[in-house]
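A.B. asks: I am sharing start-v6.cif, which consists of mmCIF, C-alpha atoms:
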```
data_model
#
loop_
_atom_site.label_atom_id
_atom_site.label_comp_id
_atom_site.auth_asym_id
_atom_site.auth_seq_id
_atom_site.Cartn_x
_atom_site.Cartn_y
_atom_site.Cartn_z
CA MET Q 1 -51.29 140.33 -81.45
CA ARG Q 2 -49.37 137.05 -81.21
CA TYR Q 3 -51.24 136.14 -78.02
CA LEU Q 4 -54.61 136.87 -79.59
CA TYR Q 5 -53.78 134.53 -82.49
CA LEU Q 6 -52.91 131.68 -80.16
CA PHE Q 7 -56.21 132.19 -78.33
CA ILE Q 8 -58.32 132.14 -81.50
CA LEU Q 9 -56.61 129.16 -83.18
CA PRO Q 10 -58.09 126.44 -80.91
CA ILE Q 11 -61.56 127.88 -81.45
CA VAL Q 12 -61.15 127.55 -85.24
CA LEU Q 13 -59.84 123.97 -84.96
CA PHE Q 14 -62.64 122.80 -82.70
CA ALA Q 15 -65.22 124.23 -85.10
CA TYR Q 16 -64.05 121.79 -87.84
CA ASN Q 17 -65.62 118.31 -87.63
CA ASP Q 18 -64.70 115.32 -89.80
CA SER Q 19 -66.18 112.27 -88.10
CA ASP Q 20 -65.08 109.70 -90.68
CA MET Q 21 -61.64 111.33 -91.16
CA ASP Q 22 -61.90 111.43 -94.95
CA GLY Q 23 -60.75 115.05 -95.26
CA VAL Q 24 -64.24 116.44 -95.95
CA GLU Q 25 -65.94 118.47 -93.22
CA ASP Q 26 -69.13 116.88 -91.86
CA ALA Q 27 -71.21 119.89 -92.90
CA TYR Q 28 -70.33 119.23 -96.57
CA ASP Q 29 -69.94 115.40 -96.44
CA ILE Q 30 -72.92 113.83 -98.24
CA CYS Q 31 -71.48 110.30 -97.77
CA PRO Q 32 -70.77 110.06 -94.03
CA ASN Q 33 -69.08 107.10 -92.35
CA THR Q 34 -66.93 106.06 -95.31
CA SER Q 35 -64.22 103.54 -94.47
CA PHE Q 36 -60.77 104.85 -93.57
CA SER Q 37 -59.41 102.78 -96.48
CA GLU Q 38 -61.48 104.68 -99.09
CA LEU Q 39 -60.35 107.58 -101.27
CA VAL Q 40 -63.15 110.15 -101.56
CA ASP Q 41 -64.14 113.08 -103.79
CA ALA Q 42 -64.89 116.66 -102.70
CA LYS Q 43 -68.34 115.57 -101.48
CA GLY Q 44 -66.93 112.79 -99.26
CA CYS Q 45 -68.09 109.89 -101.46
CA SER Q 46 -65.87 106.92 -102.29
CA VAL Q 47 -64.06 106.90 -105.62
CA HIS Q 48 -61.44 104.22 -104.92
CA SER Q 49 -60.57 101.73 -102.21
CA LEU Q 50 -57.03 101.43 -100.84
CA VAL Q 51 -57.80 97.81 -99.89
CA SER Q 52 -56.77 95.48 -102.71
CA LEU Q 53 -59.25 92.94 -104.07
CA HIS Q 54 -56.30 90.61 -104.69
CA HIS Q 55 -55.29 88.34 -101.81
CA TYR Q 56 -52.92 85.44 -101.37
CA ASP Q 57 -52.08 82.81 -98.82
CA ILE Q 58 -49.36 80.22 -98.27
CA ILE Q 59 -50.17 77.21 -96.09
CA ALA Q 60 -47.59 74.63 -94.98
CA GLY Q 61 -48.51 71.51 -93.06
CA LEU Q 62 -47.61 68.10 -91.69
CA SER Q 63 -49.94 65.13 -91.36
CA TYR Q 64 -49.90 61.54 -90.18
CA GLY Q 65 -51.96 58.66 -91.53
CA GLN Q 66 -51.95 54.88 -91.42
CA ARG Q 67 -52.59 53.94 -95.03
CA ASP Q 68 -51.07 54.65 -98.44
CA GLN Q 69 -53.86 56.50 -100.27
CA TYR Q 70 -52.84 55.03 -103.65
CA THR Q 71 -52.02 51.37 -102.94
CA LEU Q 72 -54.35 51.26 -99.88
CA GLN Q 73 -51.72 49.24 -98.01
CA GLU Q 74 -51.42 49.79 -94.26
CA ASN Q 75 -48.36 51.92 -93.57
CA ASP Q 76 -47.62 54.62 -91.02
CA SER Q 77 -47.13 57.52 -93.39
CA TYR Q 78 -46.19 61.17 -92.99
CA THR Q 79 -47.02 63.94 -95.43
CA ALA Q 80 -45.56 67.41 -95.82
CA SER Q 81 -47.79 69.75 -97.82
CA LEU Q 82 -47.70 73.21 -99.34
CA GLN Q 83 -50.84 75.03 -100.55
CA LEU Q 84 -50.80 78.29 -102.51
CA ASP Q 85 -53.99 80.32 -103.00
CA TYR Q 86 -54.88 83.38 -105.05
CA TYR Q 87 -58.19 85.18 -104.37
CA TYR Q 88 -59.99 87.82 -106.38
CA LYS Q 89 -63.50 88.68 -105.21
CA ASN Q 90 -65.36 85.34 -105.37
CA PHE Q 91 -62.70 83.57 -107.45
CA ASN Q 92 -60.02 81.29 -105.99
CA LEU Q 93 -57.07 79.64 -107.77
CA GLN Q 94 -55.32 76.91 -105.76
CA LEU Q 95 -52.16 74.80 -106.08
CA ASN Q 96 -51.48 71.80 -103.80
CA LEU Q 97 -48.06 70.17 -103.54
CA SER Q 98 -47.12 67.40 -101.11
CA THR Q 99 -44.51 64.77 -100.37
CA TYR Q 100 -44.97 61.50 -98.52
CA GLY Q 101 -42.78 59.21 -96.47
CA PHE Q 102 -43.30 55.74 -95.01
CA GLU Q 103 -40.85 53.03 -94.00
CA GLU Q 104 -37.86 53.58 -96.32
CA GLU Q 105 -39.81 55.14 -99.18
CA ARG Q 106 -40.02 58.85 -99.96
CA GLY Q 107 -41.63 60.64 -102.87
CA MET Q 108 -44.04 63.24 -104.20
CA ASN Q 109 -47.81 62.89 -104.26
CA ASP Q 110 -49.91 63.98 -107.22
CA THR Q 111 -50.03 67.74 -107.74
CA ILE Q 112 -53.47 69.35 -107.81
CA LEU Q 113 -54.32 72.63 -109.56
CA GLY Q 114 -57.86 73.89 -108.97
CA ALA Q 115 -60.07 76.88 -109.76
CA PHE Q 116 -63.20 77.77 -107.76
CA TYR Q 117 -65.96 80.35 -107.90
CA GLN Q 118 -68.54 81.08 -105.21
CA TYR Q 119 -71.99 82.36 -106.14
CA SER Q 120 -74.29 84.11 -103.67
CA LEU Q 121 -77.70 82.61 -104.39
CA THR Q 122 -79.53 84.39 -101.57
CA GLN Q 123 -78.54 86.21 -98.40
CA ASN Q 124 -77.97 82.86 -96.66
CA PHE Q 125 -77.24 80.39 -99.48
CA SER Q 126 -74.10 80.25 -101.60
CA LEU Q 127 -72.83 77.77 -104.18
CA ARG Q 128 -69.15 77.03 -104.75
CA LEU Q 129 -68.19 75.40 -108.06
CA GLY Q 130 -64.75 74.04 -108.88
CA ALA Q 131 -62.64 72.28 -111.50
CA SER Q 132 -59.30 70.59 -110.87
CA LEU Q 133 -56.39 69.00 -112.72
CA ILE Q 134 -54.71 66.11 -110.91
CA LEU Q 135 -51.21 65.99 -112.32
CA PRO Q 136 -49.30 62.66 -112.13
CA THR Q 137 -46.27 63.48 -109.99
CA TYR Q 138 -46.62 60.24 -107.97
CA GLU Q 139 -45.33 56.99 -109.46
CA THR Q 140 -46.83 53.71 -108.24
CA GLY Q 141 -45.75 51.30 -110.97
CA LEU Q 142 -49.44 50.46 -111.42
CA ASN Q 143 -49.85 52.32 -114.72
CA ASN Q 144 -51.78 55.18 -113.07
CA GLU Q 145 -49.63 58.09 -114.19
CA ALA Q 146 -52.25 59.82 -116.36
CA THR Q 147 -53.69 63.28 -115.73
CA ASP Q 148 -57.11 63.10 -114.08
CA TYR Q 149 -59.85 65.75 -113.99
CA ALA Q 150 -62.36 66.60 -111.29
CA GLY Q 151 -65.43 68.79 -110.98
CA SER Q 152 -66.99 69.78 -107.67
CA SER Q 153 -69.90 71.69 -106.18
CA GLU Q 154 -70.67 72.72 -102.60
CA LEU Q 155 -73.86 74.27 -101.24
CA ILE Q 156 -73.46 76.38 -98.09
CA TYR Q 157 -76.17 77.73 -95.81
CA THR Q 158 -75.11 80.33 -93.24
CA LEU Q 159 -77.21 81.72 -90.41
CA ASP Q 160 -75.58 83.93 -87.78
CA LYS Q 161 -72.74 81.83 -86.33
CA HIS Q 162 -73.93 78.57 -87.91
CA SER Q 163 -73.01 77.12 -91.28
CA PHE Q 164 -74.29 73.93 -92.91
CA PHE Q 165 -72.61 72.54 -96.02
CA GLY Q 166 -72.83 69.65 -98.44
CA GLY Q 167 -70.55 68.87 -101.35
CA PHE Q 168 -70.30 66.55 -104.34
CA SER Q 169 -67.43 65.86 -106.72
CA HIS Q 170 -66.72 63.60 -109.67
CA THR Q 171 -63.24 62.58 -110.78
CA PHE Q 172 -62.53 61.40 -114.31
CA VAL Q 173 -59.81 58.78 -113.90
CA ASN Q 174 -57.81 58.36 -117.11
CA ASP Q 175 -55.43 55.64 -115.95
CA LYS Q 176 -55.21 52.48 -118.04
CA ASP Q 177 -56.05 49.10 -116.55
CA VAL Q 178 -53.14 46.78 -115.94
CA ASP Q 179 -53.39 43.02 -115.26
CA ASP Q 180 -56.22 42.55 -112.75
CA ILE Q 181 -56.23 46.21 -111.66
CA ILE Q 182 -59.23 48.05 -113.11
CA TYR Q 183 -59.67 51.78 -112.61
CA ASN Q 184 -62.97 53.62 -112.14
CA ASP Q 185 -64.20 57.18 -112.23
CA THR Q 186 -65.12 58.18 -108.70
CA ASN Q 187 -67.89 60.09 -106.96
CA SER Q 188 -67.59 61.61 -103.50
CA PHE Q 189 -69.79 63.64 -101.22
CA SER Q 190 -69.63 65.27 -97.82
CA LEU Q 191 -72.02 66.74 -95.26
CA GLY Q 192 -71.03 68.96 -92.36
CA TYR Q 193 -71.68 71.72 -89.87
CA ALA Q 194 -69.45 74.61 -88.78
CA HIS Q 195 -69.80 76.96 -85.83
CA TYR Q 196 -68.13 80.38 -85.68
CA PHE Q 197 -67.22 81.08 -82.07
CA SER Q 198 -65.60 84.39 -82.99
CA SER Q 199 -64.07 86.14 -86.00
CA GLN Q 200 -60.81 84.34 -85.16
CA PHE Q 201 -61.98 80.84 -84.31
CA TYR Q 202 -64.35 78.31 -85.82
CA ALA Q 203 -64.74 74.52 -85.76
CA SER Q 204 -66.53 72.05 -87.97
CA GLY Q 205 -67.47 68.39 -88.19
CA ALA Q 206 -68.19 66.43 -91.37
CA TYR Q 207 -68.93 63.03 -92.87
CA TYR Q 208 -67.08 62.09 -96.07
CA TYR Q 209 -67.67 59.29 -98.59
CA SER Q 210 -65.74 58.48 -101.76
CA ASP Q 211 -65.59 55.63 -104.25
CA SER Q 212 -62.24 53.92 -104.62
CA ILE Q 213 -60.43 54.40 -107.92
CA TYR Q 214 -59.97 50.61 -107.94
CA GLN Q 215 -62.81 48.32 -108.96
CA ASN Q 216 -64.03 45.90 -106.25
CA ILE Q 217 -62.31 47.89 -103.46
CA ALA Q 218 -64.36 49.20 -100.55
CA SER Q 219 -65.35 52.86 -100.62
CA ILE Q 220 -63.57 55.36 -98.38
CA GLU Q 221 -65.62 56.73 -95.47
CA ASN Q 222 -64.57 58.87 -92.53
CA ALA Q 223 -65.84 61.31 -89.92
CA SER Q 224 -63.71 64.40 -89.42
CA ALA Q 225 -63.24 67.41 -87.16
CA TYR Q 226 -61.58 70.65 -88.22
CA MET Q 227 -60.55 73.78 -86.32
CA TYR Q 228 -59.30 77.17 -87.51
CA TYR Q 229 -57.68 79.84 -85.35
CA GLY Q 230 -56.55 83.25 -86.60
CA ILE Q 231 -53.48 84.34 -84.64
CA ASP Q 232 -53.64 87.86 -86.08
CA GLU Q 233 -54.66 89.61 -89.28
CA HIS Q 234 -52.18 87.59 -91.37
CA LEU Q 235 -51.26 84.40 -89.50
CA PHE Q 236 -53.49 81.41 -88.84
CA ILE Q 237 -53.31 77.76 -87.83
CA THR Q 238 -55.58 74.78 -88.57
CA PHE Q 239 -55.96 71.34 -87.02
CA SER Q 240 -57.79 68.38 -88.55
CA TYR Q 241 -58.59 64.87 -87.41
CA ALA Q 242 -60.38 62.06 -89.28
CA LEU Q 243 -61.63 58.71 -88.00
CA GLY Q 244 -61.84 55.96 -90.61
CA LEU Q 245 -65.25 54.32 -90.99
CA SER Q 246 -64.29 51.81 -93.71
CA ASP Q 247 -61.46 49.32 -94.23
CA SER Q 248 -59.99 51.40 -97.07
CA ALA Q 249 -59.74 54.60 -95.00
CA ASN Q 250 -57.06 55.66 -92.55
CA ASP Q 251 -57.95 54.42 -89.07
CA HIS Q 252 -56.75 57.78 -87.78
CA TYR Q 253 -55.55 60.86 -89.60
CA ILE Q 254 -54.08 63.97 -87.94
CA GLY Q 255 -53.01 67.17 -89.68
CA LEU Q 256 -51.57 70.50 -88.53
CA ARG Q 257 -51.07 73.47 -90.86
CA PHE Q 258 -49.75 77.04 -90.54
CA GLY Q 259 -50.73 79.77 -92.95
CA VAL Q 260 -49.91 83.34 -93.94
CA TYR Q 261 -52.61 85.49 -95.58
CA TYR Q 262 -52.01 88.83 -97.24
#
```
Using the file provided, produce a representation of the structure as structure tokens.

C.D. replies:
Amino acid sequence: MRYLYLFILPIVLFAYNDSDMDGVEDAYDICPNTSFSELVDAKGCSVHSLVSLHHYDIIAGLSYGQRDQYTLQENDSYTASLQLDYYYKNFNLQLNLSTYGFEEERGMNDTILGAFYQYSLTQNFSLRLGASLILPTYETGLNNEATDYAGSSELIYTLDKHSFFGGFSHTFVNDKDVDDIIYNDTNSFSLGYAHYFSSQFYASGAYYYSDSIYQNIASIENASAYMYYGIDEHLFITFSYALGLSDSANDHYIGLRFGVYY
């Protein structure tokens, strides 16, 4: 009898089919092809996802420029940065910290805390809105240690592996004028194109323009290139380069960042 049982057992096992491996036999599964990360009911339909809607990343980077972004003086400067992101569905909360160094001077740049939300307008168009606090953690001695505020919007059009984007932002500068230094609110905008070569690699190019916070100082203009490469599911690296198109911009800017996403 033992031998008969061993002969019948494989026949019983092969008669059971569960193509999406959700624990419900195909003959009774009214929701076929559910994701492996889904919890299902007795009918095979999703009731809960095991994949969290909450995500985070930490991005650390180093960059080199040739101009102090606050005093606009020409100096070979190096910046170490740390960016922290929290994502929930279409919402993103972001914190940017950075330190600078040039010649014998070292210090901390302003700290930026931002919140963003991306709306899907159509299948191809999306709109990303944002608001930021620019906290005065950089001291210049020029009486510009007030908290500033910024609002931004970016329109994105995506078609297959192509993406076109344009953005606008306005910064409310609350610093008080001192001597012959007069501060202005600023407007900035950008236009660009990105191409997705694969799910792990994409590159983009963009034009950027911004008013100077100082009255009677030339606006900042540059052309930039950006590349992203995903090493694996959690690790990624980015490279950026900008060519200055105005006297107030860095002649050359190079940045390299490493990130962890989870």

A.B. asks: I'd like the residues picked by the PyMOL selection byres ((chain Q and resi 243) around 9) written out as an mmCIF file with C-alpha atoms, keeping the file's coordinate frame, using the chain letters and numbers from the file.

C.D. replies:
```
data_model
loop_
_atom_site.group_PDB
_atom_site.id
_atom_site.type_symbol
_atom_site.label_atom_id
_atom_site.label_comp_id
_atom_site.auth_asym_id
_atom_site.auth_seq_id
_atom_site.Cartn_x
_atom_site.Cartn_y
_atom_site.Cartn_z
ATOM 1 C CA GLU Q 221 -65.620 56.730 -95.470
ATOM 2 C CA ASN Q 222 -64.570 58.870 -92.530
ATOM 3 C CA ALA Q 223 -65.840 61.310 -89.920
ATOM 4 C CA SER Q 224 -63.710 64.400 -89.420
ATOM 5 C CA ALA Q 225 -63.240 67.410 -87.160
ATOM 6 C CA TYR Q 241 -58.590 64.870 -87.410
ATOM 7 C CA ALA Q 242 -60.380 62.060 -89.280
ATOM 8 C CA GLY Q 244 -61.840 55.960 -90.610
ATOM 9 C CA LEU Q 245 -65.250 54.320 -90.990
ATOM 10 C CA ALA Q 249 -59.740 54.600 -95.000
ATOM 11 C CA ASN Q 250 -57.060 55.660 -92.550
ATOM 12 C CA ASP Q 251 -57.950 54.420 -89.070
ATOM 13 C CA HIS Q 252 -56.750 57.780 -87.780
ATOM 14 C CA TYR Q 253 -55.550 60.860 -89.600
#
```

A.B. asks: Nearest to Asn124 in chain Q among Q:Gln200, Q:Thr158, Q:Ser81, Q:Ser63, with distances taken over only C-alpha atoms: which residue is it?

C.D. replies: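 Among Q:Gln200, Q:Thr158, Q:Ser81, Q:Ser63, it is Q:Thr158 that comes nearest to Asn124 in chain Q.
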
A.B. asks: Any idea what's packed within 10 Å of Phe189 in chain Q, counting all atoms listed in the file, ignoring anything in its chain fewer than 2 positions away? Could you give it as an MDAnalysis selection string?

C.D. replies: chainID Q and resid 152:154 166:170 187 191 207:211 221

A.B. asks: Okay, now the selection with C-alpha atoms, as an mmCIF file, in the frame of the given file?

C.D. replies:
```cif
data_model
loop_
_atom_site.group_PDB
_atom_site.id
_atom_site.type_symbol
_atom_site.label_atom_id
_atom_site.label_comp_id
_atom_site.auth_asym_id
_atom_site.auth_seq_id
_atom_site.Cartn_x
_atom_site.Cartn_y
_atom_site.Cartn_z
ATOM 1 C CA SER Q 152 -66.990 69.780 -107.670
ATOM 2 C CA SER Q 153 -69.900 71.690 -106.180
ATOM 3 C CA GLU Q 154 -70.670 72.720 -102.600
ATOM 4 C CA GLY Q 166 -72.830 69.650 -98.440
ATOM 5 C CA GLY Q 167 -70.550 68.870 -101.350
ATOM 6 C CA PHE Q 168 -70.300 66.550 -104.340
ATOM 7 C CA SER Q 169 -67.430 65.860 -106.720
ATOM 8 C CA HIS Q 170 -66.720 63.600 -109.670
ATOM 9 C CA ASN Q 187 -67.890 60.090 -106.960
ATOM 10 C CA LEU Q 191 -72.020 66.740 -95.260
ATOM 11 C CA TYR Q 207 -68.930 63.030 -92.870
ATOM 12 C CA TYR Q 208 -67.080 62.090 -96.070
ATOM 13 C CA TYR Q 209 -67.670 59.290 -98.590
ATOM 14 C CA SER Q 210 -65.740 58.480 -101.760
ATOM 15 C CA ASP Q 211 -65.590 55.630 -104.250
ATOM 16 C CA GLU Q 221 -65.620 56.730 -95.470
#
```

A.B. asks: Can you pull out the residues contacting Ile237 in chain Q? Cut-off 8 Å, using all atoms listed in the file, and skip same-chain residues under 3 positions away; I want them as a PyMOL selection string.

C.D. replies: chain Q and resi 228-231+256-259

A.B. asks: Got time to write the residues from that selection, C-alpha atoms, as an mmCIF file, in the frame of the given file?

C.D. replies:
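Resulting contents of out.cif:
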```cif
data_model
loop_
_atom_site.group_PDB
_atom_site.id
_atom_site.type_symbol
_atom_site.label_atom_id
_atom_site.label_comp_id
_atom_site.auth_asym_id
_atom_site.auth_seq_id
_atom_site.Cartn_x
_atom_site.Cartn_y
_atom_site.Cartn_z
ATOM 1 C CA TYR Q 228 -59.300 77.170 -87.510
ATOM 2 C CA TYR Q 229 -57.680 79.840 -85.350
ATOM 3 C CA GLY Q 230 -56.550 83.250 -86.600
ATOM 4 C CA ILE Q 231 -53.480 84.340 -84.640
ATOM 5 C CA LEU Q 256 -51.570 70.500 -88.530
ATOM 6 C CA ARG Q 257 -51.070 73.470 -90.860
ATOM 7 C CA PHE Q 258 -49.750 77.040 -90.540
ATOM 8 C CA GLY Q 259 -50.730 79.770 -92.950
#
```

A.B. asks: Could you work out how far CA of Thr99 in chain Q lies from CA of Asp85 in chain Q, giving the answer in Å with one decimal?

C.D. replies: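 CA of Thr99 in chain Q lies 18.4 Å from CA of Asp85 in chain Q.
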
A.B. asks: Quote the spacing between CA of Tyr261 in chain Q and CA of Gly130 in chain Q in Å to one decimal place.

C.D. replies: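 Straight-line distance from CA of Tyr261 in chain Q to CA of Gly130 in chain Q works out to 21.3 Å.
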
A.B. asks: Applied to this file, what does the PyMOL selection byres ((chain Q and resi 214-218) around 7) return in terms of residues, put as a count of residues only?

C.D. replies: 10

A.B. asks: I'd like the residues picked by the PyMOL selection byres ((chain Q and resi 83) around 8) written out as a compact mmCIF listing (two decimals) with C-alpha atoms, keeping the file's coordinate frame, using the chain letters and numbers from the file.

C.D. replies:
```txt
# COMPACT_ATOMS: atom_id res chain seq x y z
CA ILE Q 58 -49.36 80.22 -98.27
CA ILE Q 59 -50.17 77.21 -96.09
CA ALA Q 60 -47.59 74.63 -94.98
CA SER Q 81 -47.79 69.75 -97.82
CA LEU Q 82 -47.70 73.21 -99.34
CA LEU Q 84 -50.80 78.29 -102.51
CA ASP Q 85 -53.99 80.32 -103.00
CA GLN Q 94 -55.32 76.91 -105.76
CA LEU Q 95 -52.16 74.80 -106.08
CA ASN Q 96 -51.48 71.80 -103.80
CA LEU Q 97 -48.06 70.17 -103.54
```

A.B. asks: Taking all atoms listed in the file into account, name the residue in Q:Gly205, Q:Pro136, Q:Gly151, Q:Gly101 that is nearest to Ala115 in chain Q.

C.D. replies: Q:Gly151

A.B. asks: One decimal, Å: what's the distance from CA of Ser126 in chain Q over to CA of Leu155 in chain Q, could you say?

C.D. replies: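 Calculated distance between CA of Ser126 in chain Q and CA of Leu155 in chain Q is 6.0 Å.
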
A.B. asks: Considering only C-alpha atoms, state which residue in the set Q:Asp76, Q:Ser163, Q:Leu93, Q:Tyr87 is at the smallest distance from Tyr262 in chain Q.

C.D. replies: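 Answer, going by the shortest atom-to-atom distance: Q:Tyr87.
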
A.B. asks: I want to know what sits within 12 Å of Asn90 in chain Q, based on only C-alpha atoms, with residues of the same chain fewer than 4 positions away left out; could you give that as a PyMOL selection string?

C.D. replies: chain Q and resi 53-55+86+115-120+126-130
